[in-house]
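As stored in target.txt (compact mmCIF, C-alpha atoms):
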# COMPACT_ATOMS: atom_id res chain seq x y z
CA MET H 15 87.89 109.23 84.93
CA THR H 16 84.73 107.29 85.76
CA GLY H 17 81.37 106.94 84.04
CA SER H 18 80.51 107.11 80.38
CA GLY H 19 83.41 109.46 79.70
CA LYS H 20 85.81 106.77 80.93
CA SER H 21 84.46 104.11 78.58
CA VAL H 22 85.01 106.44 75.63
CA PHE H 23 88.32 107.56 77.09
CA CYS H 24 89.65 104.00 77.21
CA LEU H 25 90.73 104.40 73.59
CA MET H 26 93.90 106.37 74.33
CA LEU H 27 97.74 106.08 74.51
CA VAL H 28 101.27 106.11 76.85
CA LEU H 29 104.86 106.25 78.86
CA GLY H 30 108.01 104.37 79.83
CA CYS H 31 111.88 102.84 80.58
CA VAL H 32 116.30 101.15 80.63
CA SER H 33 117.66 97.60 80.83
CA PRO H 34 117.62 95.76 84.16
CA ALA H 35 121.42 95.92 84.25
CA GLN H 36 121.41 99.67 83.68
CA ALA H 37 118.65 100.09 86.24
CA GLU H 38 120.59 98.11 88.84
CA GLU H 39 123.67 100.19 88.12
CA LYS H 40 121.68 103.37 88.67
CA ASN H 41 120.32 102.01 91.96
CA THR H 42 123.69 102.28 93.69
CA GLY H 43 124.79 105.20 95.80
CA PRO H 44 122.81 107.50 98.09
CA MET H 45 119.24 108.34 97.12
CA PRO H 46 118.43 112.07 97.10
CA ALA H 47 115.61 113.13 99.39
CA PRO H 48 112.25 112.87 97.59
CA PRO H 49 110.02 115.96 97.27
CA ILE H 50 107.34 114.38 99.48
CA THR H 51 107.28 111.61 102.09
CA ILE H 52 104.61 109.96 104.24
CA GLY H 53 104.76 110.62 107.99
CA GLU H 54 102.85 109.30 110.98
CA LYS H 55 99.10 108.76 110.58
CA GLY H 56 99.40 109.24 106.83
CA VAL H 57 100.45 112.89 106.92
CA VAL H 58 102.16 113.94 103.69
CA LEU H 59 105.37 115.83 104.42
CA ARG H 60 107.63 118.16 102.49
CA ASP H 61 110.87 119.18 104.14
CA GLY H 62 109.57 117.49 107.26
CA LYS H 63 106.43 119.65 107.47
CA PRO H 64 102.78 118.81 106.64
CA TYR H 65 102.15 119.53 102.97
CA ARG H 66 99.02 119.87 100.88
CA ALA H 67 98.66 120.69 97.18
CA VAL H 68 96.23 120.54 94.27
CA GLY H 69 97.66 119.41 90.95
CA ILE H 70 96.16 118.33 87.67
CA ASN H 71 96.02 115.32 85.37
CA TYR H 72 97.99 115.96 82.19
CA PHE H 73 97.18 112.56 80.75
CA SER H 74 98.72 112.88 77.29
CA ALA H 75 101.69 115.05 78.21
CA PHE H 76 104.11 112.26 77.34
CA SER H 77 101.99 110.15 74.99
CA ARG H 78 101.84 112.90 72.38
CA THR H 79 105.58 112.69 71.87
CA LEU H 80 105.37 108.91 71.44
CA ALA H 81 102.74 109.38 68.77
CA LYS H 82 104.85 112.04 67.03
CA ALA H 83 108.45 112.37 68.15
CA ASP H 84 108.75 116.07 67.32
CA ASP H 85 105.61 116.98 69.29
CA THR H 86 106.96 118.73 72.37
CA SER H 87 103.80 120.73 73.00
CA TYR H 88 103.96 119.51 76.60
CA GLU H 89 106.57 122.24 77.12
CA THR H 90 103.98 124.96 76.54
CA GLY H 91 101.54 123.16 78.83
CA LEU H 92 104.08 122.77 81.61
CA ASP H 93 105.00 126.44 81.25
CA GLU H 94 101.37 127.39 81.83
CA LEU H 95 100.99 125.14 84.86
CA ALA H 96 104.21 126.46 86.37
CA ARG H 97 103.07 130.04 85.79
CA ARG H 98 99.89 129.29 87.70
CA GLY H 99 101.68 127.64 90.59
CA ILE H 100 100.15 124.20 89.93
CA PRO H 101 102.85 122.04 91.50
CA PHE H 102 102.46 118.56 90.01
CA ILE H 103 100.84 116.44 87.32
CA ARG H 104 99.62 112.84 87.13
CA PHE H 105 100.00 111.28 83.69
CA MET H 106 99.91 107.96 81.86
CA ALA H 107 103.32 106.35 82.09
CA CYS H 108 103.01 103.57 79.53
CA PRO H 109 101.54 102.99 76.08
CA PHE H 110 97.80 102.29 76.20
CA TRP H 111 97.17 99.56 73.62
CA PRO H 112 99.56 96.59 73.27
CA LYS H 113 100.49 97.60 69.71
CA GLU H 114 101.64 100.98 70.96
CA TYR H 115 104.44 99.32 72.91
CA GLU H 116 106.33 98.63 69.67
CA LEU H 117 108.76 101.54 70.05
CA TYR H 118 109.61 100.47 73.58
CA ARG H 119 110.10 96.85 72.52
CA ASN H 120 111.93 97.50 69.24
CA ASP H 121 113.98 100.61 70.01
CA PRO H 122 114.14 101.26 73.75
CA ASP H 123 116.93 103.82 73.29
CA ALA H 124 114.64 105.96 71.15
CA TYR H 125 111.81 105.44 73.61
CA PHE H 126 113.91 106.62 76.51
CA ARG H 127 115.28 109.61 74.64
CA LEU H 128 111.71 110.84 74.39
CA MET H 129 111.02 110.14 78.04
CA ASP H 130 114.29 111.73 79.15
CA ALA H 131 113.35 114.93 77.35
CA PHE H 132 109.92 114.96 78.97
CA VAL H 133 111.25 114.40 82.49
CA LYS H 134 113.91 117.05 81.92
CA ALA H 135 111.24 119.53 80.83
CA ALA H 136 109.36 118.92 84.09
CA GLU H 137 112.57 119.31 86.10
CA GLN H 138 113.39 122.61 84.43
CA ARG H 139 109.96 123.99 85.34
CA LYS H 140 109.94 122.44 88.84
CA ILE H 141 106.75 120.53 88.05
CA GLY H 142 106.28 117.34 90.04
CA LEU H 143 105.47 114.06 88.29
CA ILE H 144 103.27 111.17 89.38
CA PRO H 145 103.70 108.68 86.51
CA SER H 146 101.16 105.88 86.17
CA LEU H 147 103.22 102.99 84.81
CA PHE H 148 100.56 100.47 83.72
CA TRP H 149 97.52 102.58 82.89
CA TYR H 150 95.23 100.08 81.13
CA ASN H 151 94.88 96.84 83.06
CA SER H 152 94.51 94.65 79.98
CA ALA H 153 97.56 95.84 78.05
CA VAL H 154 100.36 93.86 79.69
CA PRO H 155 98.42 90.57 79.87
CA ASP H 156 97.57 90.98 76.18
CA ILE H 157 101.22 91.63 75.30
CA VAL H 158 102.39 88.41 76.97
CA GLY H 159 99.38 86.34 75.86
CA GLU H 160 97.72 85.86 79.25
CA PRO H 161 94.22 86.67 80.58
CA ARG H 162 93.77 89.54 83.04
CA SER H 163 93.63 87.13 85.98
CA ALA H 164 97.41 86.77 85.55
CA TRP H 165 97.72 89.95 87.62
CA GLY H 166 96.91 87.73 90.59
CA ASP H 167 99.72 85.24 89.95
CA PRO H 168 103.18 86.34 91.15
CA ASN H 169 104.71 83.70 88.84
CA SER H 170 102.90 84.89 85.69
CA LYS H 171 104.46 86.46 82.61
CA THR H 172 102.37 89.54 83.37
CA ILE H 173 104.03 90.08 86.74
CA ALA H 174 107.44 89.32 85.23
CA TYR H 175 106.78 92.08 82.66
CA LEU H 176 105.74 94.41 85.49
CA ARG H 177 109.00 93.76 87.34
CA LYS H 178 111.10 94.40 84.24
CA TYR H 179 109.34 97.62 83.32
CA VAL H 180 109.43 98.93 86.88
CA SER H 181 113.14 98.19 87.18
CA GLU H 182 113.79 100.14 84.01
CA VAL H 183 111.61 103.17 84.65
CA VAL H 184 112.18 103.53 88.39
CA GLY H 185 115.86 102.71 88.03
CA ARG H 186 116.25 105.41 85.41
CA TYR H 187 114.30 108.23 87.05
CA ARG H 188 114.31 107.55 90.79
CA GLY H 189 116.93 110.28 91.30
CA SER H 190 114.99 112.94 89.39
CA PRO H 191 113.80 115.85 91.55
CA ALA H 192 110.62 115.85 89.46
CA ILE H 193 109.39 112.46 90.68
CA TRP H 194 106.87 112.73 93.52
CA ALA H 195 105.43 109.20 93.60
CA TRP H 196 105.02 106.03 91.52
CA GLU H 197 101.58 104.71 90.51
CA LEU H 198 100.52 101.25 89.30
CA GLY H 199 97.68 102.05 86.89
CA ASN H 200 94.26 103.54 86.42
CA GLU H 201 91.23 102.36 88.43
CA TYR H 202 91.98 98.64 88.52
CA SER H 203 89.77 98.37 91.62
CA LEU H 204 86.59 99.20 89.70
CA ALA H 205 86.89 95.88 87.85
CA ALA H 206 86.97 93.77 91.03
CA ASP H 207 84.27 91.22 91.91
CA LEU H 208 81.62 92.46 89.49
CA PRO H 209 78.38 90.43 89.66
CA ASN H 210 77.99 91.23 85.96
CA ALA H 211 81.68 90.77 85.10
CA ALA H 212 80.95 89.09 81.76
CA GLN H 213 79.54 92.40 80.49
CA HIS H 214 82.69 94.31 81.42
CA ARG H 215 85.53 92.26 79.99
CA PRO H 216 88.21 94.07 77.99
CA PRO H 217 87.37 94.83 74.36
CA VAL H 218 88.71 92.65 71.57
CA VAL H 219 90.57 94.88 69.10
CA PRO H 220 93.17 92.66 67.39
CA HIS H 221 94.57 95.40 65.16
CA LEU H 222 95.57 97.22 68.34
CA GLY H 223 97.27 94.13 69.70
CA THR H 224 94.63 92.68 72.00
CA LEU H 225 93.89 88.98 72.33
CA THR H 226 91.22 87.66 69.98
CA GLU H 227 88.81 86.45 72.64
CA ARG H 228 87.83 86.99 76.27
CA SER H 229 86.58 84.60 78.94
CA ALA H 230 85.92 84.31 82.66
CA ALA H 231 89.70 84.18 83.07
CA ASP H 232 89.68 87.91 82.30
CA ASP H 233 87.47 88.67 85.30
CA LEU H 234 89.26 90.30 88.23
CA THR H 235 88.82 89.87 91.96
CA HIS H 236 89.90 91.96 94.91
CA ASP H 237 92.62 89.44 95.75
CA MET H 238 94.05 89.52 92.22
CA ILE H 239 94.22 93.30 92.25
CA ALA H 240 95.74 93.37 95.73
CA THR H 241 98.41 90.95 94.50
CA ALA H 242 99.19 93.18 91.52
CA CYS H 243 99.48 96.18 93.84
CA ARG H 244 101.74 94.30 96.24
CA GLU H 245 103.98 93.06 93.44
CA PHE H 246 104.19 96.57 92.00
CA GLY H 247 105.10 98.00 95.39
CA ASN H 248 107.74 95.33 95.96
CA ALA H 249 109.23 95.93 92.51
CA VAL H 250 109.42 99.68 93.14
CA ARG H 251 111.02 99.13 96.54
CA GLN H 252 113.71 96.98 94.94
CA MET H 253 114.82 100.13 93.12
CA ASP H 254 113.56 103.01 95.26
CA LYS H 255 113.17 102.88 99.03
CA VAL H 256 111.90 106.41 99.56
CA HIS H 257 109.32 107.77 97.10
CA PRO H 258 105.64 107.18 97.94
CA VAL H 259 103.92 104.43 95.96
CA THR H 260 100.24 104.46 95.06
CA THR H 261 97.73 102.27 93.26
CA GLY H 262 95.75 104.61 90.98
CA HIS H 263 92.48 103.16 92.28
CA SER H 264 89.20 104.99 92.11
CA LEU H 265 86.86 105.48 95.05
CA PRO H 266 85.53 101.98 95.87
CA ARG H 267 82.16 101.16 94.41
CA THR H 268 79.21 101.68 96.75
CA ALA H 269 79.05 97.91 97.30
CA ALA H 270 82.74 96.99 97.03
CA GLU H 271 82.91 94.92 100.23
CA HIS H 272 79.62 93.14 99.51
CA GLN H 273 80.79 92.39 95.98
CA ARG H 274 83.96 90.96 97.47
CA ARG H 275 82.17 88.74 99.98
CA GLU H 276 78.96 87.73 98.23
CA LEU H 277 78.88 89.24 94.72
CA SER H 278 75.96 91.45 95.68
CA TRP H 279 75.14 95.12 95.10
CA LYS H 280 74.16 95.68 98.75
CA GLN H 281 75.62 98.98 99.86
CA ASP H 282 78.60 99.15 102.18
CA THR H 283 78.69 101.01 105.47
CA PRO H 284 81.23 103.80 106.13
CA GLU H 285 83.27 101.28 108.13
CA GLU H 286 83.30 98.89 105.18
CA LEU H 287 84.48 101.67 102.87
CA VAL H 288 87.38 102.36 105.23
CA GLN H 289 88.25 98.66 105.42
CA ASN H 290 88.12 98.25 101.65
CA LEU H 291 90.43 101.21 101.10
CA MET H 292 92.98 99.78 103.50
CA ASP H 293 92.76 96.25 102.09
CA VAL H 294 93.12 97.33 98.47
CA THR H 295 96.23 99.34 99.42
CA PRO H 296 98.55 96.56 100.63
CA ASP H 297 102.08 97.13 101.90
CA PRO H 298 104.47 98.37 100.67
CA ILE H 299 102.02 100.75 98.94
CA ASN H 300 101.89 103.79 101.23
CA LEU H 301 99.64 106.27 99.41
CA ILE H 302 95.90 105.49 99.19
CA SER H 303 94.32 106.50 95.87
CA VAL H 304 90.71 107.49 95.20
CA HIS H 305 88.98 109.29 92.31
CA VAL H 306 85.91 111.36 93.15
CA TYR H 307 83.31 112.62 90.69
CA PRO H 308 79.69 113.83 90.97
CA PHE H 309 77.63 111.02 92.37
CA GLY H 310 74.49 111.75 90.39
CA GLU H 311 71.85 109.21 91.36
CA GLU H 312 74.40 107.11 93.23
CA LYS H 313 73.70 106.77 96.96
CA ARG H 314 76.16 105.56 99.58
CA PHE H 315 75.78 104.05 103.01
CA ASN H 316 72.04 103.45 102.39
CA GLN H 317 71.45 107.18 102.66
CA GLU H 318 69.29 109.42 100.51
CA GLU H 319 72.18 111.86 100.17
CA THR H 320 75.89 111.37 100.71
CA GLY H 321 78.03 114.47 100.25
CA TYR H 322 81.60 114.68 99.03
CA LEU H 323 82.83 115.81 102.43
CA GLU H 324 81.37 112.80 104.21
CA VAL H 325 83.01 110.40 101.77
CA LEU H 326 86.37 112.17 101.88
CA GLN H 327 86.31 112.18 105.67
CA GLN H 328 86.03 108.39 105.56
CA CYS H 329 88.96 108.29 103.15
CA MET H 330 90.98 110.42 105.56
CA LYS H 331 90.00 108.01 108.34
CA ALA H 332 91.43 105.13 106.30
CA SER H 333 94.59 107.18 105.80
CA ALA H 334 95.03 107.86 109.52
CA GLN H 335 94.25 104.29 110.58
CA SER H 336 96.62 102.73 108.05
CA GLY H 337 99.35 105.35 108.36
CA LYS H 338 99.26 105.85 104.59
CA GLY H 339 98.78 109.14 102.76
CA LEU H 340 95.71 110.03 100.70
CA PHE H 341 95.79 111.03 97.04
CA VAL H 342 92.58 112.07 95.28
CA GLY H 343 94.12 111.24 91.93
CA GLU H 344 91.15 112.52 89.94
CA PHE H 345 88.27 114.87 90.62
CA GLY H 346 86.15 117.10 88.43
CA ALA H 347 82.75 117.52 86.81
CA ALA H 348 81.75 117.02 83.17
CA ASP H 349 79.71 119.84 81.66
CA ASP H 350 77.97 118.21 78.70
CA GLU H 351 74.19 118.27 78.61
CA LYS H 352 73.70 114.73 79.89
CA SER H 353 75.76 115.72 82.96
CA GLY H 354 73.65 118.82 83.60
CA GLY H 355 75.49 121.42 81.57
CA PRO H 356 78.13 124.05 82.43
CA GLU H 357 76.32 125.62 85.39
CA THR H 358 75.81 122.29 87.12
CA ALA H 359 79.45 121.43 86.48
CA ARG H 360 80.57 124.71 88.02
CA VAL H 361 78.52 124.02 91.15
CA GLU H 362 79.78 120.45 91.49
CA PHE H 363 83.38 121.52 90.89
CA GLY H 364 83.04 124.07 93.69
CA LYS H 365 81.61 121.48 96.06
CA LEU H 366 84.34 118.99 95.25
CA LEU H 367 87.19 121.45 95.73
CA ALA H 368 85.68 122.79 98.95
CA ALA H 369 85.28 119.26 100.32
CA ILE H 370 88.88 118.39 99.43
CA GLU H 371 90.10 121.43 101.32
CA GLU H 372 87.79 120.99 104.30
CA ALA H 373 88.58 117.29 104.70
CA GLY H 374 92.29 118.07 104.76
CA VAL H 375 93.16 115.95 101.73
CA PRO H 376 96.92 116.32 101.25
CA LEU H 377 97.18 115.63 97.50
CA SER H 378 94.56 115.91 94.76
CA ALA H 379 94.59 116.30 90.98
CA LEU H 380 91.89 117.76 88.72
CA TRP H 381 90.85 115.88 85.57
CA VAL H 382 92.04 116.88 82.86
CA PHE H 383 94.39 119.40 81.18
CA ASP H 384 95.01 119.73 77.43
CA LEU H 385 93.28 116.55 76.27
CA PRO H 386 91.43 117.49 73.06
CA PHE H 387 89.96 113.99 72.87
CA GLN H 388 87.64 115.01 75.72
CA GLU H 389 86.92 118.53 74.54
CA SER H 390 83.17 117.91 74.36
CA PHE H 391 82.69 117.37 78.07
CA VAL H 392 85.69 117.87 80.36
CA ASN H 393 88.97 118.99 78.73
CA ILE H 394 90.49 122.11 80.26
CA SER H 395 92.70 124.35 78.15
CA THR H 396 93.98 127.89 78.47
CA THR H 397 91.60 129.10 75.77
CA ASN H 398 88.36 127.15 76.14
CA ALA H 399 85.32 127.82 78.34
CA ARG H 400 86.74 125.69 81.16
CA SER H 401 89.95 127.71 81.59
CA TRP H 402 88.48 129.22 84.76
CA GLN H 403 89.21 125.94 86.52
CA LEU H 404 92.94 126.59 86.21
CA GLY H 405 92.37 129.83 88.04
CA GLU H 406 90.52 127.99 90.79
CA LEU H 407 93.45 125.60 91.24
CA GLU H 408 95.81 128.56 91.43
CA LYS H 409 93.67 130.12 94.16
CA ALA H 410 93.39 126.84 96.06
CA ASN H 411 97.16 126.44 96.20
CA LEU H 412 97.54 130.05 97.35
CA ARG H 413 95.06 129.36 100.16
CA LEU H 414 97.03 126.28 101.21
CA LYS H 415 100.23 128.31 101.12
CA GLU H 416 98.69 130.99 103.30
CA LYS H 417 97.75 128.29 105.82
CA GLY H 418 101.35 127.10 105.94
CA TYR H 419 100.99 123.89 103.92
CA GLN H 420 103.31 124.92 101.06

Translate this structure into structure tokens?
Amino acid sequence: MTGSGKSVFCLMLVLGCVSPAQAEEKNTGPMPAPPITIGEKGVVLRDGKPYRAVGINYFSAFSRTLAKADDTSYETGLDELARRGIPFIRFMACPFWPKEYELYRNDPDAYFRLMDAFVKAAEQRKIGLIPSLFWYNSAVPDIVGEPRSAWGDPNSKTIAYLRKYVSEVVGRYRGSPAIWAWELGNEYSLAADLPNAAQHRPPVVPHLGTLTERSAADDLTHDMIATACREFGNAVRQMDKVHPVTTGHSLPRTAAEHQRRELSWKQDTPEELVQNLMDVTPDPINLISVHVYPFGEEKRFNQEETGYLEVLQQCMKASAQSGKGLFVGEFGAADDEKSGGPETARVEFGKLLAAIEEAGVPLSALWVFDLPFQESFVNISTTNARSWQLGELEKANLRLKEKGYQ
């Protein structure tokens, strides 16, 4: 999620992995057909036919069981989503803070027993999974004692850790019918080429395992992030040749290309947005990721107003030109008072969902289901005042089914 909610949200948790030898052993033999594939001009296919679906972010579905091993409340949540015909979830696929990796590092068998149970629960309910394997972009560098810029060095300890973790997770679950795609992490692209980068370095929280200081070496550039994406894609492809691979990026900032070239806030053109999306999604990544939220006072393309549909049409253009699918990995509207309240949120939600459908976006996921941490402004549960949004997702998928996309 973007905005002020994201900065608060960045205090969360989780997911995970097998040994490289075990992973390599599992990578032999024929690979079962994945639930979705990417066809010509970026068309998402299921059983060889164009496919479109609206899922939901279930961020803490797995992390709750890491925090408390006997917490299998995700089963009730998955039951509800299956009942409503919501076909897939995106969720954090790694511990958030460095300290929270202790179970994985100290007792990987226990770690994977928890993950096995979670994946099995999704399989039993025929819920698709898009796991995000490295959610917080500072966690792995902190674990190995490197600055964030290590993401841009293929010979770094950070990238070595990435390769190991990918080999374990992808090697273990690549044959699961629940896996739809693999994702790098959450919104790495928003940290690229910031003119005010010094104000946005990762927090220092030593008791949670972070490094004790930050410097300019923690500032990220487009090229560093593209390298991380490429290395992630290559690592996945070593284990899995068929499932789509995505980045987890948000919609590029309004000035992303100008930041990249000249560290300025000058707004990009629609053509520059398309170019940025393609460049930040390097091969072998084949599923473009964007996150779309109410723009508020934000203007794009030097226009007084830029609607969701116009932006999503440019994203679809990038998809067609690159031959890569499009995944709106997050969308939604906060309803706290500073965001305009519940009525404004309802209107913006309606506009977002309508634009997603009209633009022909193949895959999208609402933010966020069953996350009490965000109850005050965006959490959706079956019993709170936002439960109506689950009904809207159910209706959207029925509409897509009626049009022959499911």

Practice problem: Extract, using all atoms listed in the file, all DNA, RNA and protein residues at most 10 Å from Ser203 in chain H, discarding same-chain residues fewer than 6 positions from it, and format them as a VMD selection string. | Solution: chain H and resid 234 to 236 238 to 240 261 to 267 270 291 294 304

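By all atoms listed in the file, and with residues fewer than 6 positions from Ala230 in chain H along its chain excluded, the set lying at most 12 Å from it is Pro161, Arg162, Ser163, Asp207, Leu208, Pro209, Asn210, Ala211, Ala212, Gln213, His214, Arg215 and Pro216 of chain H.
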
Those same residues, written as a PDB file, in the frame of the given file with C-alpha atoms?
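The result, written out as out_7.pdb:
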ATOM      1  CA  PRO H 161      94.220  86.670  80.580  1.00  0.00           C
ATOM      2  CA  ARG H 162      93.770  89.540  83.040  1.00  0.00           C
ATOM      3  CA  SER H 163      93.630  87.130  85.980  1.00  0.00           C
ATOM      4  CA  ASP H 207      84.270  91.220  91.910  1.00  0.00           C
ATOM      5  CA  LEU H 208      81.620  92.460  89.490  1.00  0.00           C
ATOM      6  CA  PRO H 209      78.380  90.430  89.660  1.00  0.00           C
ATOM      7  CA  ASN H 210      77.990  91.230  85.960  1.00  0.00           C
ATOM      8  CA  ALA H 211      81.680  90.770  85.100  1.00  0.00           C
ATOM      9  CA  ALA H 212      80.950  89.090  81.760  1.00  0.00           C
ATOM     10  CA  GLN H 213      79.540  92.400  80.490  1.00  0.00           C
ATOM     11  CA  HIS H 214      82.690  94.310  81.420  1.00  0.00           C
ATOM     12  CA  ARG H 215      85.530  92.260  79.990  1.00  0.00           C
ATOM     13  CA  PRO H 216      88.210  94.070  77.990  1.00  0.00           C
TER      14      PRO H 216
END

Quiz prompt | For Asp384 in chain H, the nearest of the candidates H:Leu95, H:Ala47, H:Ala83, H:Val219, counting all atoms listed in the file | solution = H:Leu95

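Across the structure, CA of Lys331 in chain H and CA of Val288 in chain H are spaced 7.0 Å apart.
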
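Considering only C-alpha atoms, the residue among H:Val375, H:Met45, H:Leu117, H:Val325 positioned nearest to Lys82 in chain H is H:Leu117.
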
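With only C-alpha atoms taken into account, the protein and nucleic acid residues at most 9 Å from range 368-372 of chain H (excluding it and anything under 2 positions from it in its own chain) are H:Gly321, H:Tyr322, H:Leu323, H:Glu324, H:Leu326, H:Gln327, H:Val342, H:Phe363, H:Gly364, H:Lys365, H:Leu366, H:Gly374, H:Val375, H:Pro376, H:Leu377, H:Ser378, H:Ala410, H:Leu414.
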
Practice problem: For range 243-250 of chain H, list every protein, DNA or RNA residue within 6 Å, evaluated using only C-alpha atoms, and leave out those in the same chain fewer than 3 positions away; present the list as a list in words. | Solution: Arg177, Ala240, Met253, Asp254, Pro296, Pro298 and Ile299 of chain H

Rebuild range 356-374 of chain H to N, CA and C atoms - output it as a PDB file, keeping the file's coordinate frame, please.
ATOM      1  N   PRO H 356      77.032 123.294  81.817  1.00  0.00           N
ATOM      2  CA  PRO H 356      78.130 124.050  82.430  1.00  0.00           C
ATOM      3  C   PRO H 356      77.826 124.586  83.832  1.00  0.00           C
ATOM      4  N   GLU H 357      76.620 125.048  84.069  1.00  0.00           N
ATOM      5  CA  GLU H 357      76.320 125.620  85.390  1.00  0.00           C
ATOM      6  C   GLU H 357      76.339 124.553  86.469  1.00  0.00           C
ATOM      7  N   THR H 358      75.762 123.394  86.156  1.00  0.00           N
ATOM      8  CA  THR H 358      75.810 122.290  87.120  1.00  0.00           C
ATOM      9  C   THR H 358      77.246 121.864  87.375  1.00  0.00           C
ATOM     10  N   ALA H 359      78.051 121.807  86.319  1.00  0.00           N
ATOM     11  CA  ALA H 359      79.450 121.430  86.480  1.00  0.00           C
ATOM     12  C   ALA H 359      80.195 122.416  87.364  1.00  0.00           C
ATOM     13  N   ARG H 360      79.913 123.693  87.198  1.00  0.00           N
ATOM     14  CA  ARG H 360      80.570 124.710  88.020  1.00  0.00           C
ATOM     15  C   ARG H 360      80.222 124.517  89.499  1.00  0.00           C
ATOM     16  N   VAL H 361      78.949 124.229  89.766  1.00  0.00           N
ATOM     17  CA  VAL H 361      78.520 124.020  91.150  1.00  0.00           C
ATOM     18  C   VAL H 361      79.197 122.770  91.737  1.00  0.00           C
ATOM     19  N   GLU H 362      79.186 121.682  90.978  1.00  0.00           N
ATOM     20  CA  GLU H 362      79.780 120.450  91.490  1.00  0.00           C
ATOM     21  C   GLU H 362      81.288 120.586  91.667  1.00  0.00           C
ATOM     22  N   PHE H 363      81.949 121.268  90.750  1.00  0.00           N
ATOM     23  CA  PHE H 363      83.380 121.520  90.890  1.00  0.00           C
ATOM     24  C   PHE H 363      83.652 122.256  92.200  1.00  0.00           C
ATOM     25  N   GLY H 364      82.854 123.297  92.459  1.00  0.00           N
ATOM     26  CA  GLY H 364      83.040 124.070  93.690  1.00  0.00           C
ATOM     27  C   GLY H 364      82.857 123.232  94.936  1.00  0.00           C
ATOM     28  N   LYS H 365      81.847 122.352  94.911  1.00  0.00           N
ATOM     29  CA  LYS H 365      81.610 121.480  96.060  1.00  0.00           C
ATOM     30  C   LYS H 365      82.762 120.505  96.264  1.00  0.00           C
ATOM     31  N   LEU H 366      83.243 119.946  95.168  1.00  0.00           N
ATOM     32  CA  LEU H 366      84.340 118.990  95.250  1.00  0.00           C
ATOM     33  C   LEU H 366      85.604 119.638  95.822  1.00  0.00           C
ATOM     34  N   LEU H 367      85.977 120.785  95.274  1.00  0.00           N
ATOM     35  CA  LEU H 367      87.190 121.450  95.730  1.00  0.00           C
ATOM     36  C   LEU H 367      87.070 121.876  97.182  1.00  0.00           C
ATOM     37  N   ALA H 368      85.891 122.376  97.563  1.00  0.00           N
ATOM     38  CA  ALA H 368      85.680 122.790  98.950  1.00  0.00           C
ATOM     39  C   ALA H 368      85.782 121.593  99.897  1.00  0.00           C
ATOM     40  N   ALA H 369      85.223 120.460  99.485  1.00  0.00           N
ATOM     41  CA  ALA H 369      85.280 119.260 100.320  1.00  0.00           C
ATOM     42  C   ALA H 369      86.711 118.751 100.459  1.00  0.00           C
ATOM     43  N   ILE H 370      87.469 118.808  99.382  1.00  0.00           N
ATOM     44  CA  ILE H 370      88.880 118.390  99.430  1.00  0.00           C
ATOM     45  C   ILE H 370      89.644 119.245 100.432  1.00  0.00           C
ATOM     46  N   GLU H 371      89.405 120.538 100.392  1.00  0.00           N
ATOM     47  CA  GLU H 371      90.100 121.430 101.320  1.00  0.00           C
ATOM     48  C   GLU H 371      89.620 121.223 102.753  1.00  0.00           C
ATOM     49  N   GLU H 372      88.313 121.118 102.951  1.00  0.00           N
ATOM     50  CA  GLU H 372      87.790 120.990 104.300  1.00  0.00           C
ATOM     51  C   GLU H 372      88.174 119.667 104.952  1.00  0.00           C
ATOM     52  N   ALA H 373      88.219 118.607 104.161  1.00  0.00           N
ATOM     53  CA  ALA H 373      88.580 117.290 104.700  1.00  0.00           C
ATOM     54  C   ALA H 373      90.068 117.184 105.024  1.00  0.00           C
ATOM     55  N   GLY H 374      90.856 118.112 104.519  1.00  0.00           N
ATOM     56  CA  GLY H 374      92.290 118.070 104.760  1.00  0.00           C
ATOM     57  C   GLY H 374      93.049 117.116 103.856  1.00  0.00           C
TER      58      GLY H 374
END
